[in-house]
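Contents: one structure, followed by commentary.
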Amino acid sequence: MRVYGVTGWKNAGKTGLMERLVAEITGRGFTVSTVKHAHHSVDVDQPGTDSYRHRTAGASEVLLASGQRVAIMQELRGAAEPTLDELLARLLPVDLVLIEGFKREAHPKVEAFRAEANNPLIAPKNSTIHAVASDTPLELDLPVFDLNDTSAIAEFILHEVGL
């Protein structure tokens, strides 16, 4: 599968860019899946639901199915967090997987950058970042896109992955 990432520090615009890229690229007729890394404890299930009750009773996996979607919740119960490759292997085939986060992994990435977040650029010290999407002009030895120019960023990513 072709993979491409969007990375950056907190409040850099990663999620908004991901959302716009998914809409732009699927609007061009490609299939897209996403992987999002959370640095904190995240729970997609809510107390009181049947699936939550199954999980908290000790189930290793809970598969929740409806006419609209299927969700599989897997409890690690002390096991190591799956690697990005292991997570990608669980996905159904698509044209492109967009990955949010995982800045230390080896796949190519665009860095989202907002000056007001007051964080340093990651790109100068990370060779897996192939471009920067910024809300301010930057002088870099990489392509720099306007953070809101979703079409140009999508075109760059699609070219990079050969689509």
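In the structure tokens, each chain is lettered A, B, ... as it comes, each chain's residues begin at 1, and ligands are numbered from 1 in order of appearance.
Residues of region 57-143 of chain A that DSSP places in helix (DSSP H, G or I), based on the backbone of this structure, are Ala57, Leu84, Asp85, Glu86, Leu87, Leu88, Ala89, Ala115, Glu116, Ala117, Ala123, Pro124 and Lys125 of chain A.
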Q) Counting only C-alpha atoms, what is within 9 Å of region 28-31 of chain A, bar same-chain residues fewer than 6 positions away, as a count of residues only? A) 7
Q) Using only C-alpha atoms, which residues sit within 7 Å of region 104-120 of chain A once same-chain residues fewer than 3 positions away are excluded, as a PyMOL selection string? A) chain A and resi 3-9+11-14+123+128-136+147
Written file, previous selection with all heavy atoms, as a short mmCIF file (atom, residue, chain, number, x, y, z; two decimals), in the first residue's frame:
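Saved the output as part07.cif:
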data_model
loop_
_atom_site.label_atom_id
_atom_site.label_comp_id
_atom_site.auth_asym_id
_atom_site.auth_seq_id
_atom_site.Cartn_x
_atom_site.Cartn_y
_atom_site.Cartn_z
N VAL A 3 1.71 4.82 1.31
CA VAL A 3 1.46 5.55 2.54
C VAL A 3 2.16 6.90 2.48
O VAL A 3 3.21 7.05 1.86
CB VAL A 3 1.93 4.78 3.80
CG1 VAL A 3 1.21 3.46 3.93
CG2 VAL A 3 3.43 4.57 3.80
N TYR A 4 1.53 7.89 3.12
CA TYR A 4 2.11 9.21 3.22
C TYR A 4 1.62 9.83 4.52
O TYR A 4 0.47 9.62 4.91
CB TYR A 4 1.70 10.10 2.03
CG TYR A 4 2.80 11.05 1.65
CD1 TYR A 4 3.75 10.69 0.71
CD2 TYR A 4 2.91 12.30 2.26
CE1 TYR A 4 4.79 11.55 0.38
CE2 TYR A 4 3.95 13.16 1.94
CZ TYR A 4 4.88 12.77 1.00
OH TYR A 4 5.92 13.62 0.67
N GLY A 5 2.48 10.57 5.16
CA GLY A 5 2.14 11.09 6.47
C GLY A 5 1.98 12.59 6.51
O GLY A 5 2.47 13.33 5.67
N VAL A 6 1.25 13.01 7.54
CA VAL A 6 1.15 14.41 7.92
C VAL A 6 1.60 14.45 9.37
O VAL A 6 1.06 13.75 10.21
CB VAL A 6 -0.29 14.95 7.79
CG1 VAL A 6 -0.40 16.35 8.37
CG2 VAL A 6 -0.74 14.93 6.34
N THR A 7 2.63 15.24 9.64
CA THR A 7 3.17 15.32 10.99
C THR A 7 3.32 16.76 11.39
O THR A 7 3.12 17.67 10.60
CB THR A 7 4.50 14.54 11.08
OG1 THR A 7 4.83 14.30 12.44
CG2 THR A 7 5.63 15.27 10.37
N GLY A 8 3.68 16.97 12.63
CA GLY A 8 3.87 18.32 13.17
C GLY A 8 3.57 18.30 14.65
O GLY A 8 3.07 17.31 15.18
N TRP A 9 3.85 19.40 15.30
CA TRP A 9 3.59 19.52 16.73
C TRP A 9 2.11 19.79 16.97
O TRP A 9 1.36 20.08 16.04
CB TRP A 9 4.43 20.64 17.34
CG TRP A 9 5.90 20.44 17.20
CD1 TRP A 9 6.76 21.19 16.45
CD2 TRP A 9 6.70 19.42 17.81
NE1 TRP A 9 8.04 20.69 16.57
CE2 TRP A 9 8.03 19.61 17.40
CE3 TRP A 9 6.42 18.36 18.68
CZ2 TRP A 9 9.08 18.80 17.82
CZ3 TRP A 9 7.47 17.55 19.09
CH2 TRP A 9 8.77 17.77 18.67
N ASN A 11 -1.29 21.54 17.68
CA ASN A 11 -1.87 22.81 17.20
C ASN A 11 -1.21 23.33 15.93
O ASN A 11 -1.31 24.53 15.63
CB ASN A 11 -1.83 23.88 18.29
CG ASN A 11 -2.66 23.51 19.49
OD1 ASN A 11 -3.75 22.95 19.34
ND2 ASN A 11 -2.15 23.77 20.67
N ALA A 12 -0.56 22.43 15.17
CA ALA A 12 0.07 22.85 13.92
C ALA A 12 -0.88 22.77 12.73
O ALA A 12 -0.53 23.22 11.65
CB ALA A 12 1.31 21.99 13.65
N GLY A 13 -2.04 22.17 12.91
CA GLY A 13 -3.00 22.05 11.81
C GLY A 13 -3.03 20.68 11.15
O GLY A 13 -3.58 20.54 10.05
N LYS A 14 -2.47 19.68 11.79
CA LYS A 14 -2.40 18.33 11.21
C LYS A 14 -3.78 17.75 10.90
O LYS A 14 -4.02 17.29 9.79
CB LYS A 14 -1.66 17.36 12.15
CG LYS A 14 -0.24 17.68 12.45
CD LYS A 14 0.38 16.67 13.38
CE LYS A 14 -0.33 16.48 14.69
NZ LYS A 14 -0.27 17.61 15.61
N ALA A 123 11.22 19.56 10.19
CA ALA A 123 11.82 19.20 8.90
C ALA A 123 13.34 19.29 8.85
O ALA A 123 13.99 18.39 8.30
CB ALA A 123 11.20 20.05 7.78
N THR A 128 12.67 12.38 6.61
CA THR A 128 11.45 11.77 6.07
C THR A 128 10.40 12.83 5.73
O THR A 128 9.39 12.51 5.11
CB THR A 128 10.84 10.74 7.06
OG1 THR A 128 10.38 11.41 8.24
CG2 THR A 128 11.84 9.65 7.42
N ILE A 129 10.64 14.06 6.13
CA ILE A 129 9.72 15.16 5.78
C ILE A 129 10.15 15.71 4.43
O ILE A 129 11.26 16.20 4.27
CB ILE A 129 9.72 16.25 6.88
CG1 ILE A 129 9.16 15.65 8.17
CG2 ILE A 129 8.90 17.45 6.41
CD1 ILE A 129 9.21 16.57 9.37
N HIS A 130 9.25 15.57 3.45
CA HIS A 130 9.55 15.94 2.07
C HIS A 130 9.01 17.31 1.68
O HIS A 130 9.35 17.82 0.61
CB HIS A 130 9.00 14.89 1.11
CG HIS A 130 9.69 13.57 1.23
ND1 HIS A 130 9.54 12.58 0.30
CD2 HIS A 130 10.52 13.05 2.17
CE1 HIS A 130 10.25 11.52 0.64
NE2 HIS A 130 10.85 11.79 1.79
N ALA A 131 8.15 17.90 2.52
CA ALA A 131 7.59 19.22 2.25
C ALA A 131 7.00 19.77 3.54
O ALA A 131 6.77 19.01 4.49
CB ALA A 131 6.51 19.15 1.17
N VAL A 132 6.76 21.07 3.54
CA VAL A 132 6.14 21.72 4.70
C VAL A 132 4.92 22.48 4.21
O VAL A 132 4.96 23.15 3.18
CB VAL A 132 7.13 22.67 5.41
CG1 VAL A 132 6.44 23.43 6.54
CG2 VAL A 132 8.33 21.89 5.94
N ALA A 133 3.83 22.35 4.96
CA ALA A 133 2.60 23.12 4.71
C ALA A 133 2.51 24.14 5.84
O ALA A 133 2.32 23.76 7.00
CB ALA A 133 1.39 22.20 4.69
N SER A 134 2.67 25.41 5.51
CA SER A 134 2.84 26.44 6.53
C SER A 134 1.86 27.60 6.35
O SER A 134 1.44 27.90 5.23
CB SER A 134 4.27 26.98 6.45
OG SER A 134 4.47 28.07 7.32
N ASP A 135 1.55 28.26 7.47
CA ASP A 135 0.71 29.45 7.41
C ASP A 135 1.53 30.73 7.27
O ASP A 135 0.99 31.82 7.29
CB ASP A 135 -0.20 29.53 8.64
CG ASP A 135 0.57 29.77 9.93
OD1 ASP A 135 1.82 29.66 9.93
OD2 ASP A 135 -0.08 30.06 10.96
N THR A 136 2.85 30.55 7.12
CA THR A 136 3.74 31.70 6.96
C THR A 136 4.85 31.33 5.97
O THR A 136 5.22 30.16 5.89
CB THR A 136 4.34 32.09 8.34
OG1 THR A 136 5.07 33.31 8.20
CG2 THR A 136 5.25 31.03 8.89
N LEU A 147 -0.51 26.31 3.96
CA LEU A 147 -1.22 25.30 4.74
C LEU A 147 -2.64 25.08 4.26
O LEU A 147 -3.18 23.98 4.38
CB LEU A 147 -1.21 25.72 6.22
CG LEU A 147 -1.83 24.77 7.24
CD1 LEU A 147 -1.16 23.40 7.23
CD2 LEU A 147 -1.75 25.37 8.63
#
Q: Using only C-alpha atoms, pick whichever of A:His159, A:Ile72, A:Asn126, A:Leu140 has the shortest atom-to-atom distance to Tyr52 (chain A).
A: A:Ile72
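Reported to one decimal place, the separation of CA of Ala65 (chain A) from CA of Ile25 (chain A) is 27.1 Å.
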(Q) Env of Glu24 (chain A): 12 Å cut, atoms = only C-alpha atoms, seq-sep filter 6 positions within chain, self excluded. Answer as a list in words. (A) Leu17, Met18, Phe30, Thr31, Val32, Asp149, Thr150, Ser151, Ala152, Ile153, Ala154, Glu155, Ile157 and Leu158 of chain A
Q | Which of region 21-135 of chain A DSSP labels strand (DSSP E or B), written as a ChimeraX atom specification | A | /A:32-36,61-65,70-74,96-100,109-113,129-134
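Distances from A:Arg90, A:Arg55, A:His39, A:Arg20 to Glu75 (chain A) were compared using only C-alpha atoms, and the smallest one belongs to A:Arg55.
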Q) Could you state the separation of CA of Met1 (chain A) and CA of Val35 (chain A) in Å, given to one decimal place? A) 12.9 Å
(Q) Can you tell me which residues surround Ala38 (chain A) at a distance of at most 10 Å, considering only C-alpha atoms, apart from same-chain residues fewer than 5 positions away, and format the answer as a PyMOL selection string? (A) chain A and resi 100-102
Please save all heavy atoms of the selected residues as an mmCIF file, in the first residue's frame.
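New file again08.cif:
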data_model
loop_
_atom_site.group_PDB
_atom_site.id
_atom_site.type_symbol
_atom_site.label_atom_id
_atom_site.label_comp_id
_atom_site.auth_asym_id
_atom_site.auth_seq_id
_atom_site.Cartn_x
_atom_site.Cartn_y
_atom_site.Cartn_z
ATOM 1 N N GLU A 100 -1.470 10.224 10.286
ATOM 2 C CA GLU A 100 -1.290 11.419 11.108
ATOM 3 C C GLU A 100 -0.462 11.056 12.327
ATOM 4 O O GLU A 100 -0.802 10.156 13.088
ATOM 5 C CB GLU A 100 -2.633 12.000 11.549
ATOM 6 C CG GLU A 100 -2.465 13.274 12.350
ATOM 7 C CD GLU A 100 -3.769 13.931 12.768
ATOM 8 O OE1 GLU A 100 -4.827 13.610 12.188
ATOM 9 O OE2 GLU A 100 -3.722 14.772 13.682
ATOM 10 N N GLY A 101 0.627 11.789 12.509
ATOM 11 C CA GLY A 101 1.522 11.508 13.624
ATOM 12 C C GLY A 101 2.649 10.595 13.184
ATOM 13 O O GLY A 101 3.100 10.663 12.053
ATOM 14 N N PHE A 102 3.098 9.732 14.063
ATOM 15 C CA PHE A 102 4.188 8.776 13.780
ATOM 16 C C PHE A 102 5.389 9.486 13.167
ATOM 17 O O PHE A 102 5.975 9.023 12.198
ATOM 18 C CB PHE A 102 3.704 7.655 12.853
ATOM 19 C CG PHE A 102 2.723 6.711 13.485
ATOM 20 C CD1 PHE A 102 1.357 6.890 13.310
ATOM 21 C CD2 PHE A 102 3.160 5.634 14.238
ATOM 22 C CE1 PHE A 102 0.447 6.013 13.886
ATOM 23 C CE2 PHE A 102 2.255 4.753 14.809
ATOM 24 C CZ PHE A 102 0.891 4.941 14.637
#
Q: Determine the nearest neighbour of Arg77 (chain A) from the options A:Asn148, A:Leu91, A:Ser60, A:Ser41, counting only C-alpha atoms.
A: A:Ser60
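Between CA of Gly58 (chain A) and CA of Ser33 (chain A) lies a distance of 29.3 Å.
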